[in-house]
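S.K.: Here you go, this is query-v1.cif (mmCIF, C-alpha atoms and all ligand atoms).
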```cif
data_entry
loop_
_atom_site.label_atom_id
_atom_site.label_comp_id
_atom_site.auth_asym_id
_atom_site.auth_seq_id
_atom_site.Cartn_x
_atom_site.Cartn_y
_atom_site.Cartn_z
CA MET A 131 8.77 13.31 -70.42
CA ILE A 132 7.22 13.62 -73.91
CA PRO A 133 3.55 12.91 -73.21
CA LEU A 134 1.20 10.79 -75.29
CA VAL A 135 -1.57 13.37 -75.20
CA LYS A 136 -1.66 17.12 -74.65
CA PRO A 137 -4.50 19.62 -75.18
CA TYR A 138 -3.93 22.17 -77.91
CA ILE A 139 -5.28 25.58 -76.91
CA ALA A 140 -5.17 28.47 -79.41
CA PRO A 141 -2.99 31.50 -78.51
CA THR A 142 -4.19 33.50 -75.52
CA GLU A 143 -4.49 36.78 -77.50
CA GLU A 144 -7.05 35.08 -79.77
CA MET A 145 -8.82 32.98 -77.18
CA MET A 146 -9.21 35.22 -74.15
CA PRO A 147 -10.95 38.26 -75.73
CA ARG A 148 -13.50 35.95 -77.39
CA VAL A 149 -14.13 33.97 -74.19
CA GLU A 150 -14.40 37.14 -72.09
CA LYS A 151 -16.82 38.70 -74.56
CA ILE A 152 -19.16 35.72 -74.63
CA LEU A 153 -18.99 35.17 -70.85
CA TYR A 154 -20.25 38.70 -70.17
CA SER A 155 -22.55 38.90 -73.17
CA GLY A 156 -25.64 37.98 -71.19
CA TYR A 157 -26.18 34.92 -73.41
CA ILE A 158 -24.07 31.95 -72.39
CA ALA A 159 -26.57 29.12 -73.06
CA GLU A 160 -27.14 27.57 -76.51
CA GLY A 161 -27.39 30.43 -78.98
CA GLN A 162 -25.79 32.04 -82.02
CA ALA A 163 -22.24 31.06 -81.02
CA VAL A 164 -23.31 27.41 -81.07
CA TYR A 165 -24.95 27.74 -84.48
CA ASP A 166 -21.87 29.53 -85.84
CA PHE A 167 -19.64 26.77 -84.50
CA GLU A 168 -21.87 24.13 -86.08
CA ARG A 169 -21.61 25.86 -89.44
CA GLU A 170 -17.81 26.15 -89.17
CA PHE A 171 -17.39 22.56 -88.04
CA GLY A 172 -19.68 21.42 -90.86
CA GLU A 173 -17.52 23.30 -93.35
CA TYR A 174 -14.42 21.61 -91.95
CA ILE A 175 -15.78 18.07 -92.23
CA GLY A 176 -17.66 18.80 -95.45
CA ASN A 177 -21.14 18.09 -94.09
CA PRO A 178 -23.57 20.82 -93.01
CA LEU A 179 -25.80 18.39 -91.09
CA VAL A 180 -24.08 18.89 -87.75
CA LEU A 181 -25.26 19.43 -84.18
CA ALA A 182 -22.93 20.56 -81.39
CA LEU A 183 -23.28 18.71 -78.10
CA ASN A 184 -21.77 18.74 -74.64
CA SER A 185 -19.77 15.52 -75.11
CA GLY A 186 -18.96 12.66 -77.42
CA THR A 187 -20.84 10.41 -75.01
CA ALA A 188 -23.94 12.54 -75.60
CA ALA A 189 -23.41 12.13 -79.35
CA LEU A 190 -23.31 8.34 -79.03
CA HIS A 191 -26.40 8.26 -76.82
CA ILE A 192 -28.33 10.46 -79.25
CA ALA A 193 -27.11 8.41 -82.25
CA LEU A 194 -28.43 5.20 -80.71
CA THR A 195 -31.69 6.87 -79.71
CA VAL A 196 -32.26 8.32 -83.19
CA LEU A 197 -31.85 4.80 -84.58
CA ASN A 198 -34.43 3.58 -82.00
CA VAL A 199 -31.98 1.13 -80.46
CA GLY A 200 -33.55 -0.38 -77.35
CA ALA A 201 -34.35 -3.47 -75.32
CA GLY A 202 -34.47 -6.63 -77.46
CA ASP A 203 -32.04 -5.21 -80.04
CA GLU A 204 -28.44 -6.13 -80.63
CA VAL A 205 -25.64 -3.75 -81.51
CA ILE A 206 -22.40 -5.19 -82.86
CA SER A 207 -19.52 -3.26 -81.35
CA THR A 208 -15.82 -3.37 -80.64
CA PRO A 209 -14.07 -3.99 -77.35
CA MET A 210 -11.11 -1.92 -78.55
CA THR A 211 -12.30 1.53 -77.57
CA ALA A 212 -12.93 3.85 -74.65
CA GLU A 213 -15.78 2.84 -72.37
CA PRO A 214 -18.46 5.35 -73.53
CA THR A 215 -18.78 3.63 -76.92
CA ASN A 216 -20.27 0.66 -75.14
CA THR A 217 -21.75 2.08 -71.91
CA THR A 218 -24.10 4.17 -74.07
CA ILE A 219 -25.26 1.00 -75.86
CA ALA A 220 -25.89 -0.59 -72.45
CA LEU A 221 -27.92 2.47 -71.41
CA THR A 222 -30.38 1.89 -74.25
CA GLY A 223 -31.16 -1.61 -72.96
CA ALA A 224 -29.83 -3.26 -76.13
CA SER A 225 -27.41 -6.20 -75.99
CA ILE A 226 -23.87 -5.75 -77.14
CA VAL A 227 -22.50 -8.39 -79.47
CA TRP A 228 -18.73 -8.17 -79.59
CA GLY A 229 -17.15 -8.29 -82.98
CA ASP A 230 -13.57 -9.49 -83.01
CA VAL A 231 -10.92 -7.09 -84.22
CA ASP A 232 -8.43 -7.51 -87.04
CA ALA A 233 -5.28 -8.57 -85.17
CA ARG A 234 -3.17 -6.42 -87.54
CA THR A 235 -4.99 -3.15 -86.80
CA GLY A 236 -7.06 -3.50 -83.63
CA LEU A 237 -10.07 -2.26 -85.62
CA LEU A 238 -13.36 -4.10 -85.90
CA ASN A 239 -13.10 -7.05 -88.27
CA PRO A 240 -15.79 -7.00 -91.00
CA VAL A 241 -15.60 -10.76 -91.55
CA ASP A 242 -16.45 -11.45 -87.91
CA VAL A 243 -19.09 -8.71 -87.86
CA ARG A 244 -20.86 -10.19 -90.90
CA ARG A 245 -20.92 -13.60 -89.19
CA LYS A 246 -22.57 -12.08 -86.12
CA VAL A 247 -25.40 -10.21 -87.88
CA THR A 248 -28.81 -11.55 -86.81
CA ALA A 249 -32.41 -10.49 -87.32
CA ARG A 250 -32.07 -8.50 -84.09
CA THR A 251 -29.02 -6.47 -85.15
CA LYS A 252 -30.11 -2.85 -85.05
CA ALA A 253 -26.79 -1.08 -85.66
CA ILE A 254 -23.09 -1.63 -86.21
CA MET A 255 -20.86 0.58 -84.08
CA LEU A 256 -17.50 1.36 -85.68
CA VAL A 257 -14.68 3.03 -83.80
CA HIS A 258 -11.85 4.64 -85.71
CA TYR A 259 -9.59 3.78 -82.84
CA ALA A 260 -6.58 6.04 -82.17
CA GLY A 261 -7.24 7.85 -85.45
CA MET A 262 -7.08 4.79 -87.74
CA VAL A 263 -10.04 4.46 -90.09
CA CYS A 264 -12.02 1.18 -90.17
CA ASP A 265 -12.32 -0.90 -93.33
CA MET A 266 -15.16 1.24 -94.67
CA ASP A 267 -15.35 -0.48 -98.07
CA ALA A 268 -16.18 -3.75 -96.30
CA PHE A 269 -18.52 -2.21 -93.71
CA ASN A 270 -20.41 -0.19 -96.30
CA ALA A 271 -20.94 -3.42 -98.25
CA ILE A 272 -22.33 -5.15 -95.12
CA SER A 273 -24.60 -2.20 -94.42
CA GLU A 274 -25.89 -2.16 -98.00
CA GLU A 275 -26.43 -5.92 -98.04
CA THR A 276 -28.22 -6.13 -94.68
CA GLY A 277 -29.80 -2.66 -94.39
CA ILE A 278 -28.22 -2.27 -90.94
CA PRO A 279 -27.09 1.30 -90.28
CA ILE A 280 -23.55 2.15 -89.22
CA ILE A 281 -22.69 4.53 -86.40
CA GLU A 282 -19.16 5.84 -86.71
CA ASP A 283 -17.55 6.73 -83.39
CA SER A 284 -14.97 9.18 -84.63
CA ALA A 285 -13.99 10.54 -81.21
CA HIS A 286 -10.38 9.69 -82.09
CA CYS A 287 -10.43 10.50 -85.76
CA LEU A 288 -11.20 14.12 -86.52
CA GLY A 289 -9.43 14.81 -89.80
CA GLY A 290 -9.30 11.15 -90.85
CA LYS A 291 -10.51 10.43 -94.39
CA TYR A 292 -12.34 7.80 -96.38
CA ASN A 293 -12.32 7.95 -100.18
CA GLY A 294 -10.58 11.32 -99.91
CA LYS A 295 -13.40 12.85 -97.84
CA MET A 296 -13.28 13.74 -94.16
CA ILE A 297 -14.92 11.29 -91.79
CA GLY A 298 -18.37 12.67 -90.98
CA SER A 299 -20.51 12.21 -94.06
CA ASN A 300 -20.13 8.56 -94.96
CA SER A 301 -22.51 6.79 -92.58
CA ARG A 302 -25.98 7.57 -91.30
CA VAL A 303 -24.52 8.95 -88.05
CA THR A 304 -21.02 10.01 -87.00
CA CYS A 305 -20.00 11.05 -83.48
CA PHE A 306 -17.14 13.34 -82.47
CA SER A 307 -15.62 14.26 -79.12
CA PHE A 308 -13.99 17.56 -78.14
CA GLN A 309 -12.95 16.31 -74.72
CA ALA A 310 -9.72 17.60 -73.17
CA ILE A 311 -7.18 15.29 -74.82
CA LYS A 312 -8.68 14.96 -78.28
CA GLN A 313 -7.16 16.50 -81.41
CA MET A 314 -9.55 19.41 -80.99
CA THR A 315 -10.85 20.31 -77.55
CA THR A 316 -13.57 22.73 -76.51
CA VAL A 317 -12.66 21.78 -72.88
CA ASP A 318 -15.54 19.33 -73.09
CA GLY A 319 -17.90 18.92 -76.00
CA GLY A 320 -18.92 16.82 -78.93
CA ALA A 321 -20.74 16.83 -82.23
CA ILE A 322 -22.92 14.54 -84.25
CA SER A 323 -23.33 14.55 -88.02
CA PHE A 324 -25.94 12.95 -90.24
CA THR A 325 -26.67 12.11 -93.83
CA SER A 326 -30.38 12.94 -93.52
CA GLU A 327 -32.27 16.04 -92.34
CA GLU A 328 -34.90 13.78 -90.81
CA ASP A 329 -32.42 12.13 -88.42
CA MET A 330 -30.95 15.50 -87.61
CA ASP A 331 -34.36 16.97 -86.73
CA LYS A 332 -34.99 14.08 -84.35
CA ALA A 333 -31.58 14.58 -82.77
CA ARG A 334 -32.13 18.32 -82.40
CA LYS A 335 -35.16 17.66 -80.24
CA LEU A 336 -33.42 14.87 -78.31
CA ARG A 337 -30.62 17.21 -77.28
CA TRP A 338 -33.05 19.51 -75.47
CA PHE A 339 -35.54 17.41 -73.47
CA GLY A 340 -37.57 16.62 -76.59
CA LEU A 341 -38.62 20.23 -77.04
CA ASP A 342 -38.81 21.80 -80.49
CA LYS A 343 -36.83 25.05 -80.53
CA LYS A 344 -38.75 26.22 -83.61
CA VAL A 345 -41.96 26.41 -81.59
CA SER A 346 -42.52 28.69 -78.58
CA ARG A 347 -41.99 26.92 -75.27
CA LEU A 348 -45.60 27.45 -74.19
CA GLU A 349 -46.90 25.79 -77.35
CA ASN A 350 -44.42 22.92 -77.28
CA ASP A 351 -45.55 19.34 -76.94
CA ILE A 352 -42.89 16.74 -76.10
CA LYS A 353 -43.70 13.53 -77.94
CA ARG A 354 -40.50 11.71 -77.07
CA ALA A 355 -38.45 12.42 -73.94
CA GLY A 356 -35.01 13.82 -74.69
CA PHE A 357 -31.83 14.74 -72.86
CA LYS A 358 -29.94 17.89 -71.90
CA TYR A 359 -27.01 17.31 -74.23
CA GLY A 360 -26.56 20.61 -76.08
CA MET A 361 -23.39 22.67 -76.28
CA ASN A 362 -23.39 26.16 -74.72
CA ASN A 363 -22.16 29.43 -76.21
CA VAL A 364 -18.97 29.44 -74.12
CA ASN A 365 -17.70 26.04 -75.30
CA ALA A 366 -18.84 26.85 -78.83
CA THR A 367 -16.84 30.09 -78.81
CA ILE A 368 -13.78 28.19 -77.63
CA GLY A 369 -14.50 25.71 -80.44
CA SER A 370 -14.66 28.43 -83.09
CA VAL A 371 -11.30 29.85 -82.00
CA GLN A 372 -9.78 26.37 -81.87
CA LEU A 373 -11.19 25.35 -85.23
CA ALA A 374 -9.26 28.08 -87.04
CA HIS A 375 -6.07 26.25 -86.02
CA ILE A 376 -7.23 22.68 -86.34
CA PRO A 377 -6.20 21.95 -89.95
CA GLU A 378 -2.65 22.93 -89.05
CA VAL A 379 -2.71 21.10 -85.70
CA ILE A 380 -4.02 17.88 -87.24
CA GLY A 381 -1.56 18.34 -90.09
CA THR A 382 1.22 17.95 -87.52
CA TYR A 383 -0.23 14.69 -86.18
CA ILE A 384 -0.46 13.40 -89.74
CA SER A 385 3.04 14.49 -90.71
CA ASN A 386 4.52 12.84 -87.58
CA GLY A 387 2.46 9.70 -88.19
CA LYS A 388 3.65 9.42 -91.80
CA TYR A 389 7.21 9.95 -90.64
CA TYR A 390 6.94 6.99 -88.23
CA ASP A 391 5.29 4.88 -90.94
CA GLU A 392 8.47 5.25 -92.98
CA ALA A 393 11.13 5.43 -90.30
CA LEU A 394 9.91 2.48 -88.22
CA ARG A 395 9.48 0.13 -91.15
CA ASN A 396 11.61 -3.02 -90.79
CA VAL A 397 12.70 -2.25 -87.22
CA ASP A 398 13.32 -5.37 -85.13
CA GLY A 399 10.54 -6.06 -82.65
CA VAL A 400 8.14 -3.54 -84.26
CA THR A 401 5.16 -4.45 -86.44
CA LEU A 402 3.45 -1.51 -88.08
CA VAL A 403 -0.29 -1.28 -88.64
CA PRO A 404 -1.51 -1.47 -92.25
CA TYR A 405 -4.18 1.07 -93.18
CA TYR A 406 -7.25 -0.09 -95.10
CA LEU A 407 -7.81 0.69 -98.75
CA HIS A 408 -9.26 4.18 -99.40
CA THR A 409 -8.64 5.29 -95.78
CA GLU A 410 -6.33 7.95 -94.37
CA PRO A 411 -5.63 7.98 -90.63
CA SER A 412 -5.44 11.17 -88.58
CA TYR A 413 -2.91 9.62 -86.17
CA TRP A 414 -4.37 10.80 -82.87
CA LEU A 415 -2.13 8.24 -81.14
CA TYR A 416 0.58 6.57 -83.19
CA THR A 417 -0.23 2.89 -82.84
CA MET A 418 1.92 -0.16 -83.51
CA LYS A 419 2.65 -3.62 -82.16
CA VAL A 420 5.82 -4.41 -80.26
CA GLU A 421 7.42 -7.51 -78.86
CA ARG A 422 7.99 -7.64 -75.08
CA ARG A 423 5.77 -4.60 -74.55
CA ASP A 424 6.52 -4.07 -70.85
CA ASP A 425 10.24 -3.89 -71.59
CA PHE A 426 9.55 -1.50 -74.47
CA ILE A 427 7.51 0.83 -72.27
CA ARG A 428 10.14 0.77 -69.51
CA MET A 429 12.91 1.52 -71.98
CA MET A 430 10.96 4.41 -73.53
CA GLU A 431 10.14 5.90 -70.13
CA GLY A 432 13.79 5.68 -69.20
CA GLN A 433 14.45 7.88 -72.24
CA GLY A 434 11.78 10.41 -71.22
CA ILE A 435 9.22 9.24 -73.79
CA MET A 436 5.80 8.09 -72.76
CA ALA A 437 4.52 4.87 -74.37
CA ALA A 438 1.40 2.97 -73.30
CA PRO A 439 -1.56 0.95 -74.55
CA LEU A 440 -3.87 3.66 -73.01
CA HIS A 441 -7.29 1.98 -73.38
CA HIS A 442 -8.70 -0.93 -71.39
CA ARG A 443 -10.61 -3.46 -73.48
CA SER A 444 -14.35 -2.98 -72.89
CA ASP A 445 -15.48 -6.60 -72.93
CA THR A 446 -13.90 -7.49 -69.58
CA HIS A 447 -16.03 -5.01 -67.58
CA SER A 448 -18.61 -6.71 -65.34
CA VAL A 449 -21.38 -4.58 -66.81
CA PHE A 450 -20.87 -6.37 -70.14
CA ALA A 451 -20.54 -9.89 -68.68
CA ALA A 452 -23.60 -11.18 -70.54
CA SER A 453 -21.91 -10.43 -73.88
CA ARG A 454 -18.64 -12.18 -73.16
CA CYS A 455 -17.29 -14.39 -75.95
CA GLU A 456 -14.05 -15.65 -77.43
CA LEU A 457 -12.18 -12.97 -79.37
CA PRO A 458 -8.92 -14.59 -80.47
CA GLN A 459 -7.68 -11.75 -82.63
CA MET A 460 -8.36 -9.28 -79.85
CA GLU A 461 -6.22 -11.38 -77.51
CA GLU A 462 -3.32 -11.19 -79.93
CA TRP A 463 -3.74 -7.45 -80.58
CA TYR A 464 -4.22 -6.56 -76.92
CA ARG A 465 -0.94 -8.21 -75.86
CA HIS A 466 1.17 -6.23 -78.28
CA PHE A 467 -0.30 -2.83 -79.16
CA VAL A 468 1.24 0.35 -77.88
CA HIS A 469 1.04 4.09 -78.58
CA ILE A 470 3.93 6.52 -78.90
CA PRO A 471 3.73 10.36 -78.93
CA CYS A 472 2.70 11.77 -82.28
CA GLY A 473 0.79 15.02 -81.72
CA TRP A 474 1.35 18.73 -82.30
CA TRP A 475 3.86 18.99 -79.42
CA VAL A 476 6.20 16.43 -81.02
CA GLY A 477 8.75 18.41 -83.03
CA LYS A 478 11.02 17.13 -85.79
CA GLU A 479 13.93 16.62 -83.37
CA ASP A 480 11.67 14.77 -80.95
CA ARG A 481 10.38 12.36 -83.55
CA GLU A 482 13.87 11.69 -84.86
CA ARG A 483 15.05 10.92 -81.33
CA ILE A 484 12.03 8.70 -80.70
CA VAL A 485 12.87 6.64 -83.79
CA GLU A 486 16.55 6.48 -82.85
CA VAL A 487 15.72 5.25 -79.36
CA ILE A 488 13.41 2.55 -80.72
CA LYS A 489 15.98 1.43 -83.29
CA ARG A 490 18.55 0.91 -80.52
CA GLY A 491 16.30 -1.85 -79.19
CA TRP A 492 14.96 -2.81 -75.75
C1 LIG B 501 -13.74 6.18 -78.65
C2 LIG B 501 -14.44 7.18 -77.79
N1 LIG B 501 -15.74 7.34 -77.95
C3 LIG B 501 -16.45 8.24 -77.23
C4 LIG B 501 -15.82 9.03 -76.29
C5 LIG B 501 -16.65 9.95 -75.48
O1 LIG B 501 -16.28 11.27 -75.63
P1 LIG B 501 -16.49 12.32 -74.45
O2 LIG B 501 -15.38 12.13 -73.46
O3 LIG B 501 -16.43 13.62 -75.16
O4 LIG B 501 -17.82 12.07 -73.84
C6 LIG B 501 -14.43 8.91 -76.10
C7 LIG B 501 -13.67 9.76 -75.18
O5 LIG B 501 -13.72 9.83 -74.04
C8 LIG B 501 -13.73 7.96 -76.85
O6 LIG B 501 -12.42 7.79 -76.68
#
```
Would you mind writing the structure in this file as structure tokens?

M.R.:
Amino acid sequence: MIPLVKPYIAPTEEMMPRVEKILYSGYIAEGQAVYDFEREFGEYIGNPLVLALNSGTAALHIALTVLNVGAGDEVISTPMTAEPTNTTIALTGASIVWGDVDARTGLLNPVDVRRKVTARTKAIMLVHYAGMVCDMDAFNAISEETGIPIIEDSAHCLGGKYNGKMIGSNSRVTCFSFQAIKQMTTVDGGAISFTSEEDMDKARKLRWFGLDKKVSRLENDIKRAGFKYGMNNVNATIGSVQLAHIPEVIGTYISNGKYYDEALRNVDGVTLVPYYLHTEPSYWLYTMKVERRDDFIRMMEGQGIMAAPLHHRSDTHSVFAASRCELPQMEEWYRHFVHIPCGWWVGKEDRERIVEVIKRGW
């Protein structure tokens, strides 16, 4: 079966000596390896204001905390995502206001978001779902008009671009995940990037109980309670080794994605997703809409190719019951969207066969 997701791990002869060295170095907690990884990751995304964390969930929780999101506030968010995007909002005590998606893309719809802005809106949470980039032109305009900051959840979109620049330096805060099945994994891990040093300094304290690493522990004074969300030297070392391969690895996702964009155009029963102006997807999961989805999935599985919708819409969870509302475009999207394999393990012959199989119909 060709899987939908598969962790890329750099060759053993590169990875194992580095991991062994750091494991027995006597310093496995947050240290130089973490700071080196942060610098390298910052170079990759084109923004030096980066902190490495132990998960993407930690990044989201810190992002919301840096923006002082709390009880009495509203955050406009999308139901089309993995759960942590929204459970972290719930943890702050803020209310989630669901924005509808664009039924063509499954991404948050700026027209609906603008309608739902109130005096209590504290942040807009964007998710570049499955590696597709949100309509940043429209969201930047809303943010400029209203002064409401954007958090970009880019857990799915490492290597995606807006205006020719990597995702990670456009909005006030961007969150990344290096969890097992993401385009880059550090086994588990995450990162957060900022456009201001001030936000980053706050976040740096929040990732370690609220302590200031620049001051000796005995002289420290915690003014705001923080978390234990930092990355350690072992995951950071894995990240550094991985990162050397990531441009090439993500290049394969992108090349396969572009191939499908061409080859699946005008195929009966398939509707392709349009990408927004000035955006470039990183194709973590190739995403499209199909008619009679259950039949499509069954047919693909019969051919040894995994196909699935993968994520459960967030708004139907009981924990978010108070936010429930009509989302007509989400209904339409959710009935039809599906992912097909697109990543580094999908070779040229595989992708040609996948297209052939789809063209035969279901
Ligand atoms: C959209 C999205 N946001 C956030 C996360 C959280 O990342 P992590 O699993 O690294 O905590 C994930 C992945 O699980 C995700 O898919």

S.K.: Hey, can you pull every residue with an atom no more than 10 Å from (-33.2, 18.4, -81.3), using only C-alpha atoms, and send it as a list in words?

M.R.: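 The requested residues, written out, are Leu181, Ile192, Asp329, Met330, Asp331, Lys332, Ala333, Arg334, Lys335, Leu336, Arg337, Trp338, Phe339, Gly340, Leu341, Asp342, Lys343, Lys344, Gly356, Phe357, Lys358, Tyr359 and Gly360 of chain A.
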
S.K.: Select, from A:Phe426, A:Phe306, A:Phe467, A:Tyr406, the residue with the minimum atom-to-atom distance to ligand LIG 501 (chain B), counting only C-alpha atoms and all ligand atoms.

M.R.: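 Closest to ligand LIG 501 (chain B), using only C-alpha atoms and all ligand atoms: A:Phe306.
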
S.K.: When you count only C-alpha atoms and all ligand atoms, which of these residues is closest to ligand LIG 501 (chain B): A:Leu237, A:Ala163, A:Val231, A:Leu394?

M.R.: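 With only C-alpha atoms and all ligand atoms as the atom set, the closest residue is A:Leu237.
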
S.K.: Taking only C-alpha atoms and all ligand atoms into account, which residues are within 7 Å of ligand LIG 501 (chain B), as a PDB file with C-alpha atoms, keeping the file's coordinate frame?

M.R.:
```
ATOM      1  CA  SER A 185     -19.770  15.520 -75.110  1.00  0.00           C
ATOM      2  CA  GLY A 186     -18.960  12.660 -77.420  1.00  0.00           C
ATOM      3  CA  THR A 187     -20.840  10.410 -75.010  1.00  0.00           C
ATOM      4  CA  ALA A 188     -23.940  12.540 -75.600  1.00  0.00           C
ATOM      5  CA  THR A 211     -12.300   1.530 -77.570  1.00  0.00           C
ATOM      6  CA  ALA A 212     -12.930   3.850 -74.650  1.00  0.00           C
ATOM      7  CA  PRO A 214     -18.460   5.350 -73.530  1.00  0.00           C
ATOM      8  CA  THR A 215     -18.780   3.630 -76.920  1.00  0.00           C
ATOM      9  CA  VAL A 257     -14.680   3.030 -83.800  1.00  0.00           C
ATOM     10  CA  TYR A 259      -9.590   3.780 -82.840  1.00  0.00           C
ATOM     11  CA  ASP A 283     -17.550   6.730 -83.390  1.00  0.00           C
ATOM     12  CA  SER A 284     -14.970   9.180 -84.630  1.00  0.00           C
ATOM     13  CA  ALA A 285     -13.990  10.540 -81.210  1.00  0.00           C
ATOM     14  CA  HIS A 286     -10.380   9.690 -82.090  1.00  0.00           C
ATOM     15  CA  SER A 307     -15.620  14.260 -79.120  1.00  0.00           C
ATOM     16  CA  PHE A 308     -13.990  17.560 -78.140  1.00  0.00           C
ATOM     17  CA  GLN A 309     -12.950  16.310 -74.720  1.00  0.00           C
ATOM     18  CA  ASP A 318     -15.540  19.330 -73.090  1.00  0.00           C
ATOM     19  CA  GLY A 319     -17.900  18.920 -76.000  1.00  0.00           C
ATOM     20  CA  GLY A 320     -18.920  16.820 -78.930  1.00  0.00           C
TER      21      GLY A 320
END
```

S.K.: Point out the residue among A:Thr276, A:Asn293, A:Asn177, A:Asn270 with the least atom-to-atom distance to Arg250 in chain A, counting all atoms listed in the file.

M.R.: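 Of A:Thr276, A:Asn293, A:Asn177, A:Asn270, the one nearest Arg250 in chain A is A:Thr276, counting all atoms listed in the file.
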
S.K.: Got a sec: who's within 12 Å of range 135-141 of chain A, counting only C-alpha atoms, leaving out chain neighbours fewer than 6 positions off, as a CSV table (one decimal) with C-alpha atoms, in the frame of the given file?

M.R.:
```csv
chain,number,residue,atom,x,y,z
A,147,PRO,CA,-11.0,38.3,-75.7
A,148,ARG,CA,-13.5,36.0,-77.4
A,149,VAL,CA,-14.1,34.0,-74.2
A,260,ALA,CA,-6.6,6.0,-82.2
A,286,HIS,CA,-10.4,9.7,-82.1
A,308,PHE,CA,-14.0,17.6,-78.1
A,309,GLN,CA,-13.0,16.3,-74.7
A,310,ALA,CA,-9.7,17.6,-73.2
A,311,ILE,CA,-7.2,15.3,-74.8
A,312,LYS,CA,-8.7,15.0,-78.3
A,313,GLN,CA,-7.2,16.5,-81.4
A,314,MET,CA,-9.6,19.4,-81.0
A,315,THR,CA,-10.8,20.3,-77.6
A,316,THR,CA,-13.6,22.7,-76.5
A,317,VAL,CA,-12.7,21.8,-72.9
A,318,ASP,CA,-15.5,19.3,-73.1
A,367,THR,CA,-16.8,30.1,-78.8
A,368,ILE,CA,-13.8,28.2,-77.6
A,369,GLY,CA,-14.5,25.7,-80.4
A,370,SER,CA,-14.7,28.4,-83.1
A,371,VAL,CA,-11.3,29.8,-82.0
A,372,GLN,CA,-9.8,26.4,-81.9
A,373,LEU,CA,-11.2,25.4,-85.2
A,374,ALA,CA,-9.3,28.1,-87.0
A,375,HIS,CA,-6.1,26.2,-86.0
A,376,ILE,CA,-7.2,22.7,-86.3
A,378,GLU,CA,-2.6,22.9,-89.0
A,379,VAL,CA,-2.7,21.1,-85.7
A,380,ILE,CA,-4.0,17.9,-87.2
A,382,THR,CA,1.2,18.0,-87.5
A,383,TYR,CA,-0.2,14.7,-86.2
A,413,TYR,CA,-2.9,9.6,-86.2
A,414,TRP,CA,-4.4,10.8,-82.9
A,415,LEU,CA,-2.1,8.2,-81.1
A,416,TYR,CA,0.6,6.6,-83.2
A,435,ILE,CA,9.2,9.2,-73.8
A,436,MET,CA,5.8,8.1,-72.8
A,437,ALA,CA,4.5,4.9,-74.4
A,438,ALA,CA,1.4,3.0,-73.3
A,440,LEU,CA,-3.9,3.7,-73.0
A,469,HIS,CA,1.0,4.1,-78.6
A,470,ILE,CA,3.9,6.5,-78.9
A,471,PRO,CA,3.7,10.4,-78.9
A,472,CYS,CA,2.7,11.8,-82.3
A,473,GLY,CA,0.8,15.0,-81.7
A,474,TRP,CA,1.4,18.7,-82.3
A,475,TRP,CA,3.9,19.0,-79.4
A,476,VAL,CA,6.2,16.4,-81.0
```

S.K.: Please determine, counting only C-alpha atoms, which residue among A:Gln162, A:Gly156, A:Trp492, A:Ile322 has the shortest atom-to-atom distance to Glu431 in chain A.

M.R.: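 When distances to Glu431 in chain A are compared using only C-alpha atoms, the smallest one comes from A:Trp492.
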
S.K.: Rounded to one decimal, what separation in Å do you get between CA of Glu213 in chain A and CA of Val468 in chain A?

M.R.: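 Answer for the CA of Glu213 in chain A to CA of Val468 in chain A separation: 18.1 Å.
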
S.K.: Please compute the CA of Ala253 in chain A-CA of His441 in chain A distance, one decimal, in Å.

M.R.: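 Spanning CA of Ala253 in chain A to CA of His441 in chain A is a straight-line distance of 23.2 Å.
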
S.K.: May I ask for the distance between CA of Thr446 in chain A and CA of Leu221 in chain A, given in Å to one decimal place?

M.R.: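 Between CA of Thr446 in chain A and CA of Leu221 in chain A the gap is 17.3 Å.
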
S.K.: Check which residues of range 197-229 of chain A sit at most 10 Å from range 458-463 of chain A using all atoms listed in the file, and return one row each with the closest pair of atoms and their distance in Å to one decimal, ordered by chain and rising number, as a tab-separated table.

M.R.:
```
residue	atom	partner	partner_atom	distance
A:Thr208	CA	A:Met460	CA	9.6
A:Pro209	CA	A:Met460	CA	8.2
A:Met210	CA	A:Met460	CA	8.0
A:Gly229	CA	A:Met460	CA	9.4
```

S.K.: In terms of the shortest atom-to-atom distance over all atoms listed in the file, which of A:Arg428, A:Asn362, A:Ile297, A:Leu402 is closest to Tyr157 in chain A?

M.R.: A:Asn362

S.K.: Kindly indicate which residue among A:Leu179, A:Gln433, A:Gly223, A:Pro411 lies nearest to Glu328 in chain A, using all atoms listed in the file for the distances.

M.R.: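 The answer is A:Leu179, which sits nearest to Glu328 in chain A.
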
S.K.: Got a sec: who's within 12 Å of Val449 in chain A, counting all atoms listed in the file, leaving out chain neighbours fewer than 4 positions off, as a PyMOL selection string?

M.R.: chain A and resi 213+216-221+223+225-226+444-445+453-454
